[in-house]
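To be precise, the following lines are coords-v8.csv, and they hold CSV, C-alpha atoms.
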chain,number,residue,atom,x,y,z
A,2,MET,CA,42.8,-23.1,-12.8
A,3,ASN,CA,45.5,-20.7,-13.7
A,4,PHE,CA,48.2,-19.2,-11.4
A,5,PHE,CA,46.2,-16.1,-10.3
A,6,ASP,CA,43.0,-18.0,-9.5
A,7,ARG,CA,45.0,-20.4,-7.4
A,8,LEU,CA,46.8,-17.5,-5.7
A,9,PHE,CA,43.4,-15.9,-4.7
A,10,GLY,CA,41.7,-19.2,-4.0
A,11,LYS,CA,38.9,-18.4,-6.5
A,12,THR,CA,36.7,-21.3,-7.7
A,13,LYS,CA,36.1,-21.2,-11.5
A,14,SER,CA,32.5,-20.3,-12.4
A,15,ALA,CA,31.8,-23.5,-14.2
A,16,ASP,CA,32.4,-25.5,-11.0
A,17,SER,CA,30.0,-23.4,-9.0
A,18,ALA,CA,27.4,-23.6,-11.8
A,19,LYS,CA,27.6,-27.4,-11.7
A,20,GLU,CA,27.5,-27.6,-7.9
A,21,ARG,CA,24.5,-25.2,-7.7
A,22,LEU,CA,22.7,-27.1,-10.5
A,23,GLN,CA,23.2,-30.4,-8.8
A,24,LEU,CA,21.4,-29.2,-5.7
A,25,VAL,CA,18.7,-27.3,-7.5
A,26,LEU,CA,17.9,-30.3,-9.7
A,27,ILE,CA,17.5,-32.7,-6.8
A,28,HIS,CA,14.9,-30.4,-5.3
A,29,ASP,CA,13.2,-29.8,-8.6
A,30,ARG,CA,12.9,-33.5,-9.4
A,31,THR,CA,11.8,-34.6,-5.9
A,32,ASP,CA,9.6,-31.6,-5.1
A,33,LEU,CA,11.3,-31.8,-1.7
A,34,THR,CA,12.6,-28.6,-0.1
A,35,PRO,CA,15.4,-28.7,2.5
A,36,ALA,CA,12.7,-27.9,5.2
A,37,GLU,CA,10.6,-30.8,4.1
A,38,LEU,CA,13.6,-33.1,4.1
A,39,ASP,CA,14.3,-32.0,7.7
A,40,ALA,CA,10.6,-32.8,8.6
A,41,LEU,CA,11.0,-36.2,7.0
A,42,ARG,CA,14.1,-36.8,9.0
A,43,ASP,CA,12.4,-35.9,12.3
A,44,ASP,CA,9.4,-38.2,11.5
A,45,LEU,CA,11.8,-41.1,10.6
A,46,ILE,CA,13.7,-40.7,13.9
A,47,ALA,CA,10.5,-40.6,15.9
A,48,THR,CA,9.1,-43.7,14.2
A,49,ILE,CA,12.2,-45.8,14.3
A,50,SER,CA,12.9,-44.8,17.9
A,51,ARG,CA,9.7,-46.5,19.0
A,52,HIS,CA,11.1,-49.8,17.9
A,53,VAL,CA,14.8,-49.6,18.4
A,54,ALA,CA,17.2,-47.2,20.1
A,55,ILE,CA,19.0,-45.0,17.6
A,56,ASP,CA,21.6,-42.3,17.8
A,57,ALA,CA,19.3,-39.4,16.7
A,58,GLN,CA,22.2,-36.9,16.4
A,59,ALA,CA,24.0,-39.0,13.8
A,60,VAL,CA,21.1,-39.7,11.5
A,61,GLN,CA,21.9,-38.7,7.9
A,62,ILE,CA,19.3,-38.4,5.1
A,63,ASP,CA,20.2,-37.6,1.6
A,64,VAL,CA,18.7,-37.7,-1.9
A,65,GLU,CA,21.1,-39.4,-4.3
A,66,HIS,CA,20.7,-39.7,-8.0
A,67,ASP,CA,21.7,-42.4,-10.4
A,68,GLY,CA,21.1,-41.2,-14.0
A,69,ARG,CA,17.6,-39.7,-13.9
A,70,SER,CA,16.3,-41.8,-10.9
A,71,GLN,CA,16.4,-40.5,-7.4
A,72,ARG,CA,16.9,-42.4,-4.3
A,73,LEU,CA,16.5,-41.5,-0.6
A,74,ILE,CA,19.4,-42.7,1.4
A,75,ALA,CA,19.0,-42.9,5.2
A,76,ASP,CA,22.0,-43.7,7.4
A,77,ILE,CA,20.6,-44.5,10.9
A,78,PRO,CA,23.2,-45.7,13.5
A,79,LEU,CA,21.7,-47.9,16.2
A,80,LYS,CA,22.7,-47.4,19.8
A,81,ALA,CA,24.6,-50.4,21.3
A,82,ALA,CA,22.4,-52.6,23.4
A,83,ARG,CA,24.7,-53.1,26.4
A,84,ARG,CA,22.3,-54.7,28.8
A,85,ARG,CA,21.7,-57.7,26.6
A,86,THR,CA,25.4,-58.4,26.1
A,87,ARG,CA,25.8,-58.4,29.9
A,88,LYS,CA,23.0,-60.9,30.4
A,89,ILE,CA,24.6,-63.4,28.0
A,90,LYS,CA,27.8,-63.3,29.9
B,6,MET,CA,7.6,-45.2,-45.0
B,7,PRO,CA,5.5,-42.6,-43.0
B,8,ALA,CA,7.2,-39.6,-41.6
B,9,GLN,CA,9.1,-39.4,-38.4
B,10,VAL,CA,7.6,-36.6,-36.3
B,11,ILE,CA,10.1,-34.7,-34.2
B,12,THR,CA,9.4,-31.9,-31.8
B,13,ILE,CA,12.0,-29.4,-30.8
B,14,THR,CA,11.5,-27.9,-27.4
B,15,SER,CA,13.5,-26.5,-24.5
B,16,GLY,CA,11.5,-25.1,-21.6
B,17,LYS,CA,13.4,-21.8,-21.5
B,18,GLY,CA,13.0,-19.3,-24.3
B,19,GLY,CA,15.9,-18.0,-26.4
B,20,VAL,CA,18.1,-21.1,-26.4
B,21,GLY,CA,17.8,-21.6,-30.1
B,22,LYS,CA,14.8,-23.9,-30.7
B,23,THR,CA,13.6,-22.1,-33.8
B,24,THR,CA,17.2,-21.9,-35.2
B,25,ALA,CA,17.6,-25.6,-34.5
B,26,THR,CA,14.3,-26.4,-36.2
B,27,ALA,CA,15.1,-24.3,-39.3
B,28,ASN,CA,18.7,-25.8,-39.6
B,29,LEU,CA,17.6,-29.4,-39.1
B,30,ALA,CA,14.9,-28.9,-41.7
B,31,VAL,CA,17.3,-27.4,-44.2
B,32,ALA,CA,20.0,-30.0,-43.5
B,33,LEU,CA,17.5,-32.9,-43.9
B,34,ALA,CA,16.0,-31.4,-47.1
B,35,ALA,CA,19.4,-30.8,-48.6
B,36,GLU,CA,20.2,-34.5,-48.2
B,37,GLY,CA,17.0,-35.3,-50.1
B,38,SER,CA,14.5,-36.0,-47.4
B,39,LYS,CA,11.0,-34.6,-47.8
B,40,VAL,CA,10.5,-32.3,-44.9
B,41,VAL,CA,7.7,-30.1,-43.5
B,42,CYS,CA,8.3,-27.9,-40.5
B,43,ILE,CA,5.5,-26.5,-38.4
B,44,ASP,CA,5.7,-23.3,-36.3
B,45,GLY,CA,4.0,-24.2,-33.0
B,46,ASP,CA,4.5,-20.8,-31.5
B,47,ILE,CA,1.1,-19.3,-32.1
B,48,GLY,CA,1.0,-15.6,-31.6
B,49,LEU,CA,4.8,-15.3,-31.7
B,50,ARG,CA,5.7,-16.8,-35.0
B,51,ASN,CA,9.3,-16.7,-36.1
B,52,LEU,CA,10.2,-19.8,-38.0
B,53,ASP,CA,9.1,-18.0,-41.2
B,54,VAL,CA,11.6,-15.2,-40.9
B,55,ILE,CA,14.4,-17.6,-39.9
B,56,LEU,CA,13.7,-19.6,-43.1
B,57,GLY,CA,13.3,-16.4,-45.1
B,58,LEU,CA,9.7,-17.2,-46.1
B,59,GLU,CA,7.8,-14.4,-44.3
B,60,ASN,CA,6.7,-12.8,-47.5
B,61,ARG,CA,4.9,-15.9,-48.8
B,62,ILE,CA,2.5,-16.5,-46.1
B,63,VAL,CA,-1.2,-16.5,-47.1
B,64,TYR,CA,-2.7,-19.1,-44.8
B,65,ASP,CA,-1.5,-20.4,-41.4
B,66,ILE,CA,-2.0,-23.4,-39.1
B,67,VAL,CA,-5.1,-22.0,-37.5
B,68,ASP,CA,-6.7,-21.5,-40.9
B,69,VAL,CA,-6.2,-25.2,-41.6
B,70,ILE,CA,-7.5,-26.3,-38.2
B,71,GLU,CA,-10.6,-24.1,-38.5
B,72,GLY,CA,-11.3,-25.2,-42.1
B,73,ARG,CA,-10.6,-21.8,-43.9
B,74,CYS,CA,-8.2,-23.5,-46.2
B,75,ARG,CA,-6.9,-26.9,-47.3
B,76,LEU,CA,-3.7,-28.2,-45.7
B,77,LYS,CA,-1.8,-27.9,-49.0
B,78,GLN,CA,-2.7,-24.2,-49.3
B,79,ALA,CA,-1.0,-23.4,-45.9
B,80,MET,CA,2.2,-25.2,-46.9
B,81,ILE,CA,4.8,-22.8,-48.1
B,82,ARG,CA,7.5,-24.2,-50.3
B,83,ASP,CA,11.1,-23.2,-49.6
B,84,LYS,CA,12.8,-20.9,-52.2
B,85,LYS,CA,15.9,-23.1,-52.6
B,86,LEU,CA,14.9,-26.5,-51.5
B,87,PRO,CA,11.9,-27.8,-53.4
B,88,ASN,CA,11.3,-30.7,-50.9
B,89,LEU,CA,11.1,-28.4,-47.8
B,90,TYR,CA,7.8,-26.9,-46.6
B,91,LEU,CA,6.7,-24.6,-43.8
B,92,ILE,CA,3.3,-24.4,-42.1
B,93,PRO,CA,3.4,-21.0,-40.4
B,94,ALA,CA,1.9,-20.2,-37.0
B,95,ALA,CA,-1.0,-17.7,-36.8
B,96,GLN,CA,0.2,-14.3,-35.6
B,97,THR,CA,-3.1,-12.8,-34.4
B,98,ARG,CA,-4.3,-15.7,-32.3
B,99,ASP,CA,-3.2,-17.4,-29.1
B,100,LYS,CA,-2.2,-20.9,-28.1
B,101,ASN,CA,-5.8,-21.9,-27.2
B,102,ALA,CA,-6.8,-21.7,-30.9
B,103,VAL,CA,-5.2,-25.2,-31.2
B,104,SER,CA,-5.7,-28.3,-29.1
B,105,PRO,CA,-3.5,-31.5,-28.9
B,106,SER,CA,-6.1,-33.4,-30.8
B,107,ASP,CA,-6.1,-30.8,-33.6
B,108,MET,CA,-2.3,-31.4,-33.8
B,109,ASN,CA,-2.8,-35.1,-33.9
B,110,ARG,CA,-5.2,-34.8,-36.8
B,111,LEU,CA,-3.0,-32.4,-38.7
B,112,ILE,CA,0.1,-34.6,-38.3
B,113,LYS,CA,-1.9,-37.7,-39.3
B,114,ASP,CA,-2.6,-36.0,-42.6
B,115,LEU,CA,1.0,-35.0,-43.1
B,116,ARG,CA,2.6,-38.3,-42.2
B,117,PRO,CA,2.1,-40.2,-45.5
B,118,ASP,CA,3.6,-37.5,-47.7
B,119,PHE,CA,6.8,-36.7,-45.8
B,120,ASP,CA,10.0,-38.3,-44.4
B,121,PHE,CA,10.2,-35.8,-41.5
B,122,VAL,CA,7.7,-33.5,-39.8
B,123,LEU,CA,9.6,-31.0,-37.5
B,124,ILE,CA,7.5,-29.1,-34.9
B,125,ASP,CA,9.0,-26.0,-33.4
B,126,SER,CA,7.6,-25.8,-29.9
B,127,PRO,CA,7.0,-22.5,-28.0
B,128,ALA,CA,8.9,-21.9,-24.8
B,129,GLY,CA,7.3,-22.9,-21.5
B,130,ILE,CA,5.4,-26.0,-20.4
B,131,GLU,CA,1.9,-24.9,-21.0
B,132,ARG,CA,-0.7,-25.4,-23.8
B,133,GLY,CA,1.6,-24.6,-26.7
B,134,PHE,CA,4.2,-27.1,-25.5
B,135,ARG,CA,1.5,-29.7,-24.9
B,136,ASN,CA,0.2,-29.2,-28.5
B,137,ALA,CA,3.7,-29.4,-29.9
B,138,ILE,CA,4.6,-32.8,-28.2
B,139,ALA,CA,1.1,-34.4,-28.7
B,140,ALA,CA,2.0,-36.1,-32.0
B,141,ALA,CA,5.8,-36.4,-31.5
B,142,ASP,CA,7.5,-39.7,-32.1
B,143,ARG,CA,10.7,-38.2,-30.8
B,144,VAL,CA,11.5,-35.0,-28.8
B,145,ILE,CA,14.6,-33.0,-29.1
B,146,VAL,CA,15.4,-30.8,-26.1
B,147,VAL,CA,17.6,-27.8,-26.8
B,148,THR,CA,19.6,-26.3,-24.0
B,149,ASN,CA,22.6,-23.9,-23.5
B,150,PRO,CA,25.5,-24.6,-21.1
B,151,GLU,CA,24.0,-22.2,-18.6
B,152,VAL,CA,22.3,-22.7,-15.2
B,153,SER,CA,18.8,-21.5,-16.2
B,154,ALA,CA,18.6,-23.3,-19.5
B,155,VAL,CA,19.9,-26.6,-18.0
B,156,ARG,CA,17.4,-26.4,-15.1
B,157,ASP,CA,14.5,-25.8,-17.5
B,158,ALA,CA,15.6,-28.6,-19.8
B,159,ASP,CA,15.6,-30.9,-16.8
B,160,ARG,CA,12.0,-29.9,-16.0
B,161,VAL,CA,11.0,-30.6,-19.6
B,162,ILE,CA,12.7,-33.9,-19.7
B,163,GLY,CA,10.9,-34.9,-16.5
B,164,ILE,CA,7.5,-34.0,-18.1
B,165,LEU,CA,8.4,-35.9,-21.2
B,166,GLU,CA,9.2,-39.0,-19.1
B,167,ALA,CA,5.9,-38.6,-17.2
B,168,GLU,CA,4.0,-38.3,-20.4
B,169,ASP,CA,5.7,-41.4,-21.9
B,170,LYS,CA,7.3,-39.4,-24.7
B,171,GLY,CA,10.6,-40.9,-23.9
B,172,PRO,CA,13.4,-39.0,-22.2
B,173,GLY,CA,14.2,-36.9,-25.3
B,174,ALA,CA,17.5,-36.3,-27.1
B,175,LEU,CA,19.6,-33.3,-26.1
B,176,ILE,CA,21.2,-30.6,-28.3
B,177,ILE,CA,23.7,-28.5,-26.4
B,178,ASN,CA,23.5,-25.2,-28.3
B,179,ARG,CA,25.8,-22.2,-28.3
B,180,LEU,CA,28.7,-23.9,-26.5
B,181,ASN,CA,31.8,-21.7,-26.4
B,182,PRO,CA,34.9,-23.9,-26.4
B,183,ILE,CA,37.2,-21.2,-25.2
B,184,LEU,CA,35.1,-20.5,-22.1
B,185,VAL,CA,34.8,-24.2,-21.5
B,186,LYS,CA,38.6,-24.5,-21.7
B,187,LYS,CA,38.9,-21.7,-19.1
B,188,ASN,CA,36.5,-23.6,-16.9
B,189,ASP,CA,34.1,-20.6,-17.1
B,190,MET,CA,31.3,-22.5,-19.0
B,191,LEU,CA,29.7,-25.9,-18.2
B,192,SER,CA,31.2,-28.5,-20.6
B,193,ALA,CA,29.1,-30.9,-22.6
B,194,ASP,CA,30.1,-33.6,-20.2
B,195,ASP,CA,28.9,-31.5,-17.2
B,196,VAL,CA,25.5,-30.9,-18.8
B,197,LEU,CA,25.2,-34.6,-19.7
B,198,ASP,CA,26.2,-35.6,-16.1
B,199,LEU,CA,23.4,-33.3,-14.8
B,200,LEU,CA,20.7,-34.2,-17.2
B,201,ALA,CA,21.5,-37.9,-17.8
B,202,VAL,CA,19.9,-38.1,-21.3
B,203,GLU,CA,21.0,-39.1,-24.8
B,204,LEU,CA,23.1,-36.5,-26.6
B,205,ILE,CA,22.3,-35.9,-30.2
B,206,GLY,CA,24.5,-32.8,-30.9
B,207,ILE,CA,26.7,-30.1,-29.7
B,208,VAL,CA,26.5,-26.8,-31.6
B,209,PRO,CA,29.3,-24.3,-31.0
B,210,GLU,CA,28.6,-20.6,-30.6
B,211,ASP,CA,29.0,-19.2,-34.1
B,212,GLU,CA,28.4,-15.6,-35.4
B,213,ASN,CA,27.3,-17.1,-38.7
B,214,VAL,CA,24.1,-18.1,-37.0
B,215,ILE,CA,23.1,-14.5,-36.5
B,216,ILE,CA,24.3,-13.5,-40.0
B,217,GLY,CA,22.2,-16.4,-41.4
B,218,SER,CA,19.1,-15.3,-39.5
B,219,ASN,CA,19.6,-11.7,-40.7
B,220,ARG,CA,19.5,-13.0,-44.2
B,221,GLY,CA,16.8,-15.7,-43.7
B,222,ALA,CA,19.3,-18.3,-44.8
B,223,PRO,CA,20.0,-20.9,-42.0
B,224,VAL,CA,23.7,-21.8,-41.5
B,225,ALA,CA,23.1,-25.5,-42.3
B,226,SER,CA,23.6,-24.5,-45.9
B,227,ASP,CA,26.8,-22.7,-45.2
B,228,PRO,CA,29.7,-25.2,-45.8
B,229,LYS,CA,32.2,-23.1,-43.8
B,230,SER,CA,30.1,-22.6,-40.7
B,231,LYS,CA,31.0,-24.8,-37.7
B,232,ALA,CA,27.4,-24.5,-36.3
B,233,GLY,CA,26.2,-25.4,-39.8
B,234,GLN,CA,28.4,-28.5,-39.7
B,235,ALA,CA,27.0,-29.4,-36.3
B,236,PHE,CA,23.4,-29.2,-37.5
B,237,ARG,CA,24.2,-31.2,-40.6
B,238,ASN,CA,25.6,-33.9,-38.3
B,239,ILE,CA,22.5,-33.9,-36.1
B,240,ALA,CA,20.4,-34.3,-39.3
B,241,LYS,CA,22.5,-37.4,-40.2
B,242,ARG,CA,22.0,-38.8,-36.7
B,243,LEU,CA,18.3,-38.3,-37.0
B,244,LYS,CA,18.4,-40.4,-40.2
B,245,GLY,CA,20.1,-43.2,-38.2
B,246,GLU,CA,23.7,-42.6,-39.3
B,247,THR,CA,26.5,-42.7,-36.8
B,248,VAL,CA,28.5,-39.5,-37.0
B,249,PRO,CA,31.3,-38.6,-34.6
B,250,PHE,CA,30.9,-35.4,-32.6
B,251,LEU,CA,32.8,-32.4,-33.8
B,252,ASP,CA,36.2,-31.6,-32.4
B,253,LEU,CA,35.5,-28.2,-30.9
B,254,GLU,CA,38.9,-27.8,-29.4
B,255,SER,CA,40.4,-26.6,-32.7
B,256,THR,CA,38.2,-23.5,-32.8
B,257,GLY,CA,39.6,-20.2,-31.4
B,258,SER,CA,41.7,-17.4,-32.8
B,259,LEU,CA,45.2,-17.6,-33.9
B,260,TRP,CA,46.4,-15.9,-30.7
B,261,GLU,CA,44.5,-18.5,-28.6
B,262,ARG,CA,46.0,-21.3,-30.5
B,263,ILE,CA,49.5,-19.8,-30.0
B,264,GLN,CA,48.7,-19.5,-26.3
B,265,ARG,CA,47.6,-23.1,-26.2
B,266,LEU,CA,50.8,-24.2,-27.9
B,267,ALA,CA,52.8,-22.2,-25.4
B,268,GLY,CA,50.9,-24.1,-22.7
B,269,ARG,CA,49.3,-21.1,-21.2
B,270,LYS,CA,45.7,-22.5,-21.4

Let's see the structure in the file written out as structure tokens.
Amino acid sequence: MNFFDRLFGKTKSADSAKERLQLVLIHDRTDLTPAELDALRDDLIATISRHVAIDAQAVQIDVEHDGRSQRLIADIPLKAARRRTRKIK
Amino acid sequence: MPAQVITITSGKGGVGKTTATANLAVALAAEGSKVVCIDGDIGLRNLDVILGLENRIVYDIVDVIEGRCRLKQAMIRDKKLPNLYLIPAAQTRDKNAVSPSDMNRLIKDLRPDFDFVLIDSPAGIERGFRNAIAAADRVIVVTNPEVSAVRDADRVIGILEAEDKGPGALIINRLNPILVKKNDMLSADDVLDLLAVELIGIVPEDENVIIGSNRGAPVASDPKSKAGQAFRNIAKRLKGETVPFLDLESTGSLWERIQRLAGRK
């Protein structure tokens, strides 16, 4: 970035090209729109909640790519099971 | 040894498939390989004009497939390189005049007589593209460092993988080193990061390419052209040689070089 771009806080076009392509390619490759990803997230939360208490607000679902293969990453924090700890004491 | 069959494709139109096919054919033939290139773009033929052979066409690929002539009759010999041949596309028919099995049969007949069969695929991912990759041993995907071309290349690479045609090798065509330097064009590394495939060549933007196509003389035979050098290197890589990638940093006008020396870029 040269002096003037820095002065006006402008991102160089190649950076936006790369960022935009990264997102577009994930959806092209997986056939998964952001809306479908949200639906999947809600389904996952509902299913897992039937078995264990989770912090639904903090659930994170992302598609990551490693080379040309895609992987669905879900980060699902569990709620602390307080009652059980008390019983042991 | 039977021929290696290489299809040149891209998804998006206008990225330089035909130019790449013509130049690789010329470069391979100039090094002594026996080469035939096939124009797979039926209805929109162009490989003939790029090679400067448009006045010699009598029969085309559809004539061969429909039995109106023998294979040898549709093969046009290059003016300068006696071991380079072209099988032109039909201009008055559409892609449905040829099927993938027709292509397989045609290529089978060509294999014993050549070192390389190069197939210039049409743009898109429909019938013409399917015909072009049917008999390929190896597929080269041409792209430009631009969002639409990279996106389409990714689609094509995905289809090639699904069809067990291998991931394909990538040519990044029309890279402008000055724009890359200014961070206003995706670099070769950026494109490779995004597409995650093997790179077989980077071809710099070069006005000689247009001059060459105006004359029907591909730049691969121009010793001074940077793009020509890049295509000659790709041809060597296709033959299994290890050739380092061109240093594209040294291109640019005198003024740009002075600016660079002064640390302004």

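Of the listed residues A:Ser17, A:Ser50, A:Thr34, A:Gln58, the one whose atoms come nearest to chain B is A:Ser17, with distances taken using only C-alpha atoms.
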
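Every polymer residue reaching to within 12 Å of (15.0, -30.4, 2.4), counting only C-alpha atoms, appears in this list: Leu24, Val25, Ile27, His28, Asp29, Thr31, Asp32, Leu33, Thr34, Pro35, Ala36, Glu37, Leu38, Asp39, Ala40, Leu41, Arg42, Asp43, Ile62, Asp63, Val64 and Leu73 of chain A.
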
- Query: Got a sec to pull out which chain B residues are within 12 Å of chain A, counting all atoms listed in the file, and send them as a count of residues only?
  - Reply: 41

- Task: Excluding Leu115 of chain B and residues on its chain fewer than 4 positions from it, collect all residues at most 9 Å away from it, counting all atoms listed in the file, and give them as an NGL selection string.
- Result: :B and (7-8 or 41 or 76 or 110-111 or 119 or 122)

- Computed interatomic separation between atom CA of Gly45 of chain B and atom CA of Glu212 of chain B (Å):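 Separation between atom CA of Gly45 of chain B and atom CA of Glu212 of chain B: 26.0 Å.
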
- Task: Kindly indicate which residue among B:Gly245, B:Gly21, B:Gly37, B:Pro127 lies nearest to Ile176 of chain B, using all atoms listed in the file for the distances.
- Result: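 Ranking B:Gly245, B:Gly21, B:Gly37, B:Pro127 by distance to Ile176 of chain B, first place goes to B:Gly21.
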
- Message: Just the number, please: distance in Å from atom CA of Lys85 of chain B to atom CA of Ile66 of chain B, one decimal.
- Response: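 These two atoms are separated by 22.4 Å.
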
- Distance atom CA of Val40 of chain B-atom CA of Leu123 of chain B, one decimal place?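 So the answer is 7.6 Å.
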
- May I have the protein, DNA and RNA residues with any atom at most 8 Å from the point (5.5, -21.6, -40.0), counting all atoms listed in the file, written as an MDAnalysis selection string? chainID B and resid 42:45 50:53 65:66 91:94

- Query: What's the 8 Å shell around Asp142 of chain B, counting only C-alpha atoms, without same-chain residues fewer than 4 positions away, as a ChimeraX atom specification?
  - Reply: /B:9-11,170

- Using only C-alpha atoms, which of B:Val103, B:Ile138, B:Ala232, B:Ile207 sits nearest Ile13 of chain B?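 Of B:Val103, B:Ile138, B:Ala232, B:Ile207, the one nearest Ile13 of chain B, counting only C-alpha atoms, is B:Ile138.
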
Taking 4 positions as the minimum chain separation for residues in the same chain, which residues sit within 7 Å of segment 213-219 of chain B when counting only C-alpha atoms? Answer as a PDB file with C-alpha atoms, keeping the file's coordinate frame.
ATOM      1  CA  ILE B  55      14.400 -17.600 -39.900  1.00  0.00           C
ATOM      2  CA  PRO B 223      20.000 -20.900 -42.000  1.00  0.00           C
ATOM      3  CA  VAL B 224      23.700 -21.800 -41.500  1.00  0.00           C
ATOM      4  CA  SER B 230      30.100 -22.600 -40.700  1.00  0.00           C
TER       5      SER B 230
END

- Item | Given all atoms listed in the file as the counted atoms, nearest of A:Leu45, A:Arg51, A:Glu65, A:Ala57 to Lys80 of chain A |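 Closest to Lys80 of chain A of all the choices is A:Ala57.
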
Please complete segment 70-82 of chain A with N, CA and C atoms and give it back as a PDB file, in the coordinates of the input.
ATOM      1  N   SER A  70      17.135 -41.315 -12.055  1.00  0.00           N
ATOM      2  CA  SER A  70      16.300 -41.800 -10.900  1.00  0.00           C
ATOM      3  C   SER A  70      16.883 -41.311  -9.623  1.00  0.00           C
ATOM      4  N   GLN A  71      15.996 -41.009  -8.699  1.00  0.00           N
ATOM      5  CA  GLN A  71      16.400 -40.500  -7.400  1.00  0.00           C
ATOM      6  C   GLN A  71      16.225 -41.577  -6.365  1.00  0.00           C
ATOM      7  N   ARG A  72      17.030 -41.471  -5.320  1.00  0.00           N
ATOM      8  CA  ARG A  72      16.900 -42.400  -4.300  1.00  0.00           C
ATOM      9  C   ARG A  72      17.150 -41.758  -2.935  1.00  0.00           C
ATOM     10  N   LEU A  73      16.330 -42.128  -1.953  1.00  0.00           N
ATOM     11  CA  LEU A  73      16.500 -41.500  -0.600  1.00  0.00           C
ATOM     12  C   LEU A  73      17.375 -42.449   0.188  1.00  0.00           C
ATOM     13  N   ILE A  74      18.468 -41.898   0.665  1.00  0.00           N
ATOM     14  CA  ILE A  74      19.400 -42.700   1.400  1.00  0.00           C
ATOM     15  C   ILE A  74      19.365 -42.266   2.888  1.00  0.00           C
ATOM     16  N   ALA A  75      19.063 -43.202   3.781  1.00  0.00           N
ATOM     17  CA  ALA A  75      19.000 -42.900   5.200  1.00  0.00           C
ATOM     18  C   ALA A  75      20.099 -43.712   5.921  1.00  0.00           C
ATOM     19  N   ASP A  76      20.949 -43.033   6.665  1.00  0.00           N
ATOM     20  CA  ASP A  76      22.000 -43.700   7.400  1.00  0.00           C
ATOM     21  C   ASP A  76      21.594 -43.526   8.914  1.00  0.00           C
ATOM     22  N   ILE A  77      21.143 -44.602   9.552  1.00  0.00           N
ATOM     23  CA  ILE A  77      20.600 -44.500  10.900  1.00  0.00           C
ATOM     24  C   ILE A  77      21.397 -45.403  11.868  1.00  0.00           C
ATOM     25  N   PRO A  78      22.373 -44.848  12.555  1.00  0.00           N
ATOM     26  CA  PRO A  78      23.200 -45.700  13.500  1.00  0.00           C
ATOM     27  C   PRO A  78      22.336 -46.118  14.680  1.00  0.00           C
ATOM     28  N   LEU A  79      22.433 -47.404  15.038  1.00  0.00           N
ATOM     29  CA  LEU A  79      21.700 -47.900  16.200  1.00  0.00           C
ATOM     30  C   LEU A  79      22.598 -47.710  17.446  1.00  0.00           C
ATOM     31  N   LYS A  80      21.923 -47.523  18.599  1.00  0.00           N
ATOM     32  CA  LYS A  80      22.700 -47.400  19.800  1.00  0.00           C
ATOM     33  C   LYS A  80      23.027 -48.849  20.291  1.00  0.00           C
ATOM     34  N   ALA A  81      24.229 -49.026  20.819  1.00  0.00           N
ATOM     35  CA  ALA A  81      24.600 -50.400  21.300  1.00  0.00           C
ATOM     36  C   ALA A  81      23.741 -50.819  22.395  1.00  0.00           C
ATOM     37  N   ALA A  82      23.271 -52.072  22.308  1.00  0.00           N
ATOM     38  CA  ALA A  82      22.400 -52.600  23.400  1.00  0.00           C
ATOM     39  C   ALA A  82      23.231 -53.317  24.410  1.00  0.00           C
TER      40      ALA A  82
END
